[in-house]
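Heads up: the structure comes next, in structure tokens.
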Amino acid sequence: MKEHFKTILEAFENAGIEVNKAEFSITEYSLNTNLSFKFRNLDEFLEFLHLSAPSDDERAETINAVLIEEGIDPDSFFYVNFYSPKVAEL
């Protein structure tokens, strides 16, 4: 596992948030939170999310579409700002 990924996972553990349940936004800048991380490109982000199986293609394509919609080059660096999942109020 990449050292960078270990740092991210430690931050999630400290925040008490499960990676697979976290929501995120992708921007060209950091929001300067404890859960805001820089990724070198889309491939590195997908590797972090463990999205490499053919069954993951749809989610990977959705993330790629978000990058393009935001005007971010998938082959260039970007920031992923993670946050706790929103809980619907009753």
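In the structure tokens, each chain is lettered A, B, ... as it comes, each chain's residues begin at 1, and ligands are numbered from 1 in order of appearance.
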
Distance query A:Arg40 at most 10 Å, only C-alpha atoms, self and fewer than 2 positions along chain excluded, as JSON, numbers by chain: {"A": [38, 42, 43, 44, 45, 74, 75, 76, 77, 78, 79]}

Need the shell around A:Phe12: protein/DNA/RNA residues with any atom at most 12 Å away, counting only C-alpha atoms. Skip same-chain ones fewer than 3 positions apart. Format as JSON, numbers by chain? {"A": [5, 6, 7, 8, 9, 15, 16, 17, 18, 19, 20, 21, 22, 23, 33, 34, 35, 36, 37, 81, 82, 83, 84]}

Mind the document's chain letters and residue numbers, and return as a PyMOL selection string the residues of chain A that DSSP labels alpha helix (DSSP H). chain A and resi 3-15+42-48+57-69

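Here atom CA of A:Val66 and atom CA of A:Ile26 stand 7.8 Å from one another.
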
Nearest residue to A:Asp73 out of A:Glu3, A:Ser52, A:Phe39, A:Asp57, using only C-alpha atoms? A:Phe39

As a PyMOL selection string, list the residues of chain A assigned to strand (DSSP E) by DSSP on the backbone atoms of this structure. chain A and resi 23-27+36-39+78-83

Preceding selection exported with N, CA and C atoms as an mmCIF file, in the first residue's frame:
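Once written, out_15.cif looks like this:
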```
data_model
loop_
_atom_site.group_PDB
_atom_site.id
_atom_site.type_symbol
_atom_site.label_atom_id
_atom_site.label_comp_id
_atom_site.auth_asym_id
_atom_site.auth_seq_id
_atom_site.Cartn_x
_atom_site.Cartn_y
_atom_site.Cartn_z
ATOM 1 N N GLU A 23 -18.696 10.490 1.868
ATOM 2 C CA GLU A 23 -19.033 11.191 0.634
ATOM 3 C C GLU A 23 -17.853 12.092 0.304
ATOM 4 N N PHE A 24 -17.802 12.584 -0.924
ATOM 5 C CA PHE A 24 -16.674 13.428 -1.288
ATOM 6 C C PHE A 24 -17.038 14.383 -2.412
ATOM 7 N N SER A 25 -16.244 15.437 -2.492
ATOM 8 C CA SER A 25 -16.313 16.355 -3.621
ATOM 9 C C SER A 25 -14.911 16.416 -4.210
ATOM 10 N N ILE A 26 -14.839 16.709 -5.491
ATOM 11 C CA ILE A 26 -13.557 16.786 -6.185
ATOM 12 C C ILE A 26 -13.380 18.220 -6.664
ATOM 13 N N THR A 27 -12.243 18.812 -6.318
ATOM 14 C CA THR A 27 -11.978 20.201 -6.683
ATOM 15 C C THR A 27 -10.524 20.350 -7.123
ATOM 16 N N SER A 36 -9.096 16.313 3.452
ATOM 17 C CA SER A 36 -8.896 16.851 2.106
ATOM 18 C C SER A 36 -7.523 16.385 1.622
ATOM 19 N N PHE A 37 -7.505 15.641 0.496
ATOM 20 C CA PHE A 37 -6.262 15.019 0.042
ATOM 21 C C PHE A 37 -6.030 15.241 -1.449
ATOM 22 N N LYS A 38 -4.764 15.362 -1.792
ATOM 23 C CA LYS A 38 -4.358 15.546 -3.183
ATOM 24 C C LYS A 38 -4.072 14.179 -3.801
ATOM 25 N N PHE A 39 -4.601 13.981 -5.009
ATOM 26 C CA PHE A 39 -4.309 12.777 -5.788
ATOM 27 C C PHE A 39 -3.636 13.220 -7.079
ATOM 28 N N PHE A 78 -5.644 16.692 -8.539
ATOM 29 C CA PHE A 78 -6.861 17.310 -8.012
ATOM 30 C C PHE A 78 -6.966 16.940 -6.541
ATOM 31 N N TYR A 79 -7.885 17.589 -5.865
ATOM 32 C CA TYR A 79 -8.112 17.312 -4.446
ATOM 33 C C TYR A 79 -9.452 16.626 -4.268
ATOM 34 N N VAL A 80 -9.478 15.693 -3.336
ATOM 35 C CA VAL A 80 -10.726 15.043 -2.961
ATOM 36 C C VAL A 80 -10.990 15.434 -1.513
ATOM 37 N N ASN A 81 -12.143 16.046 -1.311
ATOM 38 C CA ASN A 81 -12.539 16.527 -0.002
ATOM 39 C C ASN A 81 -13.623 15.597 0.522
ATOM 40 N N PHE A 82 -13.240 14.741 1.446
ATOM 41 C CA PHE A 82 -14.158 13.754 2.008
ATOM 42 C C PHE A 82 -14.921 14.360 3.177
ATOM 43 N N TYR A 83 -16.101 13.832 3.434
ATOM 44 C CA TYR A 83 -16.886 14.264 4.592
ATOM 45 C C TYR A 83 -17.840 13.151 5.001
#
```

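When only C-alpha atoms are used to compute distances to A:Ile72, the closest of the residues A:Val87, A:Asn41, A:Leu49, A:Leu31 turns out to be A:Asn41.
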
Report, in Å with one decimal, the straight-line distance from atom CA of A:Asn14 to atom CA of A:Pro85.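 Separation between atom CA of A:Asn14 and atom CA of A:Pro85: 15.9 Å.
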
Would you mind reading off the distance between atom CA of A:Glu61 and atom CA of A:Glu28, one decimal, in Å?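 Those two atoms sit 18.9 Å apart.
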